[in-house]
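Scroll down for the structure; my scribbles are underneath it.
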Amino acid sequence: METNNALYVIRSEIDWLSEVIDQVIRSYLMQEGHERNWKDIAVPDISEENDAYSQTVHEWGLSKYDRLALALAMAPSIRPEVLDIFFGRNQLYDRGFTEFGGITDTHHSGFIPTGQTLIFLMAATEPELRYEAMKVLSQDHLLYKEQVLVLSQTDDHIPNQNGALTISERWLSYFLTGIKPKIEQTISFPAQKISTNLEWKDVVLDEVVMDHLQEINSWLDHGDTLMGEWGLDRMIKPGYRALFYGPPGTGKTLTATLLGKSSGRDVYRVDLSMIVSKYIGETEKNLAKVFDVAQHRKWILFFDEADALFGKRTIANSSNDRHANQQTSYLLQRIEDFPGVVILASNLKANMDDAFTRRFQAMIHFTMPGPEDRYQLWSNAFSGTCQLSQDIDLWSIAENYELAGGSIINVLRYCALSAVHRGDHIVQYDELIKGIRQEFKKENRTVSVTK
Ligand SMILES: Nc1ncnc2c1ncn2[C@@H]1O[C@H](COP(=O)(O)OP(=O)(O)OP(=O)(O)O)[C@@H](O)[C@H]1O
Ligand SMILES: [Mg+2]
């Protein structure tokens, strides 16, 4: 019933659109019946419906104009023929009517509406409504912020409103099926949500690092107040940018996720090594999406493998290099302008130029843990069901082997598997050492074992 209902509701929106188009063209061309105003055509009554589309309309308080924009954007997917009327020729010039807007595409034989098409429908006979139409098309409108509608970018010399007005696949499928794919599940979205089951109490970090983190936490809690009520927005750049640097497995990703968890914000990770070098062409557009949604939803953006950005800009030898350089500049600019919290993570701080580091509010060094911190990490790791045999001296293990938290967790995994395989949950000394050895081997380090 529900999905059928959804289709029924959307069809009735398109029917309404079709009537509106017919009326506007009549009025505009002074054809028979031109006296009627399109706004007098009743909008379908969906107040009792509870499919995804109707719910969105209710919850967001969408107006008649918003619904017209949605119906127009959905039409090419649902019933493209209702737009064919726009192909009518202007007999005066023997060409299409410029005022209808719209574009055609090699993959779609029908009419694809543009922002101009919406402006035409709303304002053709009532120029005052042009302003309302521009509001519906503005990037500040909820429909764009939530990325339901997309108004494609146009070349610089072409007015914005000539961009194609389309509905995102994701929202269309939500309206039709009631199931909303997560934004990161769309192929073109280069970020994933990250989360953790751990808490601050599980984290072992030195005080200097904790102090810095406290500052970021305060920003997350009070940044809006400072920028708003305190009026600091006149003096300082919005947003907070932090660089986490240090060896693998020292807790950079974990810390970023915890900052999100404790402030009730989602943390999204973008892997820069994938972006800067590989995807060429669409990247900028896709990254723009990440920044736009992140700003609207107050996500924390976590850029991993940020080294990709620091490398001295290469001298552009090929068009690929040029493109990578452009991409880097674009990213840096977006990061600098982002009004929320951005965290960049890297294994090295070297070869970062000053111009770059000056843009950070915090540079946090995640060092390799010392013996005491390692002892703490070992104890935490083996404090659950998986325990260490009584005869193991954890202090000397902590002292002898310089391992980061991430490696210790890997040793835990190895030992737990080994113990459970024996039908036990107590880890023996030899197993532990074997696990440690494996970690050293991964990092191409050798280890001398002393008991
Ligand atoms: N300081 C720490 N305190 C507690 N646990 C830690 C710490 N560092 C690492 N761990 C453990 O190791 C796991 C991996 O750490 P994490 O992914 O945060 O490292 P990273 O610094 O991001 O490494 P990389 O540079 O390889 O991305 C964490 O999920 C956590 O279980
Ligand atoms: Mg990491």
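Starting from 1 in every chain, residues are counted up; chains themselves are A, B, ... following the order of the structure tokens, and ligands are numbered from 1 as listed.
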(message) Just list as number ranges by chain whatever in stretch 26-258 of chain A DSSP marks as alpha helix (DSSP H).
(response) A: 26-28, 52-59, 64-78, 115-123, 129-137, 142-145, 169-177, 207-227, 252-258
At most 7 Å is the cut-off: for each residue in chain A with any atom that close to an atom of ligand 1, write down the nearest atom pair and the distance in Å rounded to one decimal, counting only C-alpha atoms and all ligand atoms, chain first then increasing number, as JSON lines.
```
{"residue": "A:Asp202", "atom": "CA", "partner": "ligand 1", "partner_atom_place_in_ligand_line": "4 (C)", "distance": 5.6}
{"residue": "A:Val203", "atom": "CA", "partner": "ligand 1", "partner_atom_place_in_ligand_line": "3 (N)", "distance": 3.6}
{"residue": "A:Val204", "atom": "CA", "partner": "ligand 1", "partner_atom_place_in_ligand_line": "3 (N)", "distance": 3.8}
{"residue": "A:Leu205", "atom": "CA", "partner": "ligand 1", "partner_atom_place_in_ligand_line": "1 (N)", "distance": 4.9}
{"residue": "A:Gly246", "atom": "CA", "partner": "ligand 1", "partner_atom_place_in_ligand_line": "21 (O)", "distance": 6.8}
{"residue": "A:Pro247", "atom": "CA", "partner": "ligand 1", "partner_atom_place_in_ligand_line": "25 (O)", "distance": 5.7}
{"residue": "A:Pro248", "atom": "CA", "partner": "ligand 1", "partner_atom_place_in_ligand_line": "25 (O)", "distance": 3.4}
{"residue": "A:Gly249", "atom": "CA", "partner": "ligand 1", "partner_atom_place_in_ligand_line": "19 (O)", "distance": 3.4}
{"residue": "A:Thr250", "atom": "CA", "partner": "ligand 1", "partner_atom_place_in_ligand_line": "8 (N)", "distance": 3.8}
{"residue": "A:Gly251", "atom": "CA", "partner": "ligand 1", "partner_atom_place_in_ligand_line": "18 (O)", "distance": 3.1}
{"residue": "A:Lys252", "atom": "CA", "partner": "ligand 1", "partner_atom_place_in_ligand_line": "21 (O)", "distance": 3.7}
{"residue": "A:Thr253", "atom": "CA", "partner": "ligand 1", "partner_atom_place_in_ligand_line": "22 (O)", "distance": 3.7}
{"residue": "A:Leu254", "atom": "CA", "partner": "ligand 1", "partner_atom_place_in_ligand_line": "18 (O)", "distance": 3.7}
{"residue": "A:Thr255", "atom": "CA", "partner": "ligand 1", "partner_atom_place_in_ligand_line": "18 (O)", "distance": 6.3}
{"residue": "A:Ser346", "atom": "CA", "partner": "ligand 1", "partner_atom_place_in_ligand_line": "25 (O)", "distance": 6.5}
{"residue": "A:Asn347", "atom": "CA", "partner": "ligand 1", "partner_atom_place_in_ligand_line": "25 (O)", "distance": 5.7}
{"residue": "A:Leu377", "atom": "CA", "partner": "ligand 1", "partner_atom_place_in_ligand_line": "4 (C)", "distance": 6.2}
{"residue": "A:Ala404", "atom": "CA", "partner": "ligand 1", "partner_atom_place_in_ligand_line": "8 (N)", "distance": 6.3}
{"residue": "A:Gly405", "atom": "CA", "partner": "ligand 1", "partner_atom_place_in_ligand_line": "9 (C)", "distance": 3.7}
{"residue": "A:Gly406", "atom": "CA", "partner": "ligand 1", "partner_atom_place_in_ligand_line": "12 (O)", "distance": 3.1}
{"residue": "A:Ser407", "atom": "CA", "partner": "ligand 1", "partner_atom_place_in_ligand_line": "12 (O)", "distance": 6.7}
{"residue": "A:Ile409", "atom": "CA", "partner": "ligand 1", "partner_atom_place_in_ligand_line": "12 (O)", "distance": 5.7}
```
(request) With a distance cut-off of 6 Å and only C-alpha atoms, select the neighbouring residues of stretch 165-180 of chain A, excluding the residue or stretch itself and same-chain residues fewer than 4 positions from it, and output the selection as number ranges by chain. (result) A: 3, 6, 52-53, 73, 113-115, 148-151
Write the residues of the preceding selection, restricted to all heavy atoms, as a CSV table (one decimal), in the first residue's frame.
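And here's result_20.csv as it stands now:
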```csv
chain,number,residue,atom,x,y,z
A,3,THR,N,4.1,1.9,-0.9
A,3,THR,CA,4.8,2.3,-2.1
A,3,THR,C,3.9,2.7,-3.2
A,3,THR,O,4.1,3.6,-3.9
A,3,THR,CB,5.8,1.1,-2.6
A,3,THR,OG1,5.1,-0.1,-2.4
A,3,THR,CG2,7.1,1.1,-1.8
A,6,ALA,N,2.9,6.1,-2.7
A,6,ALA,CA,4.0,7.0,-3.0
A,6,ALA,C,3.9,7.3,-4.5
A,6,ALA,O,3.9,8.5,-4.9
A,6,ALA,CB,5.3,6.4,-2.7
A,52,ALA,N,6.8,9.0,1.8
A,52,ALA,CA,8.1,9.8,2.1
A,52,ALA,C,8.0,11.2,1.5
A,52,ALA,O,8.4,12.2,2.1
A,52,ALA,CB,9.3,9.1,1.5
A,53,TYR,N,7.4,11.3,0.3
A,53,TYR,CA,7.3,12.6,-0.4
A,53,TYR,C,6.4,13.5,0.5
A,53,TYR,O,6.8,14.7,0.8
A,53,TYR,CB,6.8,12.5,-1.8
A,53,TYR,CG,6.6,13.8,-2.5
A,53,TYR,CD1,7.6,14.5,-3.1
A,53,TYR,CD2,5.3,14.4,-2.5
A,53,TYR,CE1,7.4,15.7,-3.7
A,53,TYR,CE2,5.1,15.6,-3.1
A,53,TYR,CZ,6.1,16.3,-3.7
A,53,TYR,OH,5.9,17.5,-4.3
A,73,ALA,N,11.4,18.9,-11.6
A,73,ALA,CA,12.7,18.2,-11.6
A,73,ALA,C,12.4,16.7,-11.7
A,73,ALA,O,13.3,15.9,-12.2
A,73,ALA,CB,13.5,18.5,-10.3
A,113,PRO,N,14.4,20.3,-17.8
A,113,PRO,CA,14.1,21.7,-17.4
A,113,PRO,C,15.4,22.3,-16.8
A,113,PRO,O,16.3,21.6,-16.3
A,113,PRO,CB,13.1,21.5,-16.3
A,113,PRO,CG,13.2,20.1,-15.8
A,113,PRO,CD,13.7,19.3,-17.0
A,114,THR,N,15.4,23.6,-16.9
A,114,THR,CA,16.5,24.4,-16.2
A,114,THR,C,15.8,25.3,-15.2
A,114,THR,O,14.6,25.3,-15.1
A,114,THR,CB,17.3,25.2,-17.2
A,114,THR,OG1,16.3,26.1,-17.9
A,114,THR,CG2,18.0,24.3,-18.3
A,115,GLY,N,16.7,26.0,-14.5
A,115,GLY,CA,16.1,27.0,-13.5
A,115,GLY,C,15.2,28.0,-14.3
A,115,GLY,O,14.2,28.4,-13.8
A,148,VAL,N,18.4,17.8,-2.3
A,148,VAL,CA,17.3,17.1,-3.0
A,148,VAL,C,17.4,17.6,-4.5
A,148,VAL,O,17.4,16.8,-5.4
A,148,VAL,CB,16.0,17.6,-2.4
A,148,VAL,CG1,14.8,16.8,-3.1
A,148,VAL,CG2,16.0,17.4,-0.9
A,149,LEU,N,17.4,18.9,-4.7
A,149,LEU,CA,17.5,19.4,-6.0
A,149,LEU,C,18.9,19.8,-6.3
A,149,LEU,O,19.7,20.2,-5.4
A,149,LEU,CB,16.6,20.7,-6.1
A,149,LEU,CG,15.1,20.4,-6.1
A,149,LEU,CD1,14.4,21.8,-6.2
A,149,LEU,CD2,14.7,19.4,-7.1
A,150,VAL,N,19.2,19.7,-7.6
A,150,VAL,CA,20.6,20.2,-8.0
A,150,VAL,C,20.4,21.1,-9.2
A,150,VAL,O,19.6,20.8,-10.1
A,150,VAL,CB,21.4,19.0,-8.5
A,150,VAL,CG1,22.8,19.4,-9.0
A,150,VAL,CG2,21.5,17.9,-7.5
A,151,LEU,N,21.0,22.3,-9.1
A,151,LEU,CA,21.0,23.2,-10.2
A,151,LEU,C,22.4,23.2,-10.8
A,151,LEU,O,23.3,23.6,-10.1
A,151,LEU,CB,20.6,24.6,-9.8
A,151,LEU,CG,20.4,25.7,-10.8
A,151,LEU,CD1,19.2,25.3,-11.7
A,151,LEU,CD2,20.1,27.0,-10.2
```
(message) I want to know what sits within 12 Å of A:Arg79, based on only C-alpha atoms, with residues of the same chain fewer than 6 positions away left out; could you give that as a ChimeraX atom specification?
(response) /A:7,10-15,17-18,71-73,110-112
(request) Identify, on the basis of only C-alpha atoms, every residue whose closest approach to A:Asp304 does not exceed 10 Å; exclude the query and any residue fewer than 2 positions from it along the same chain; express the result as a ChimeraX atom specification. (result) /A:244,252-253,269-274,301-302,306-308,343-347
(message) Env of A:Leu258: 12 Å cut, atoms = only C-alpha atoms, seq-sep filter 6 positions within chain, self excluded. Answer as number ranges by chain.
(response) A: 194-203, 213-214, 216-217, 251-252, 264-267, 300, 302
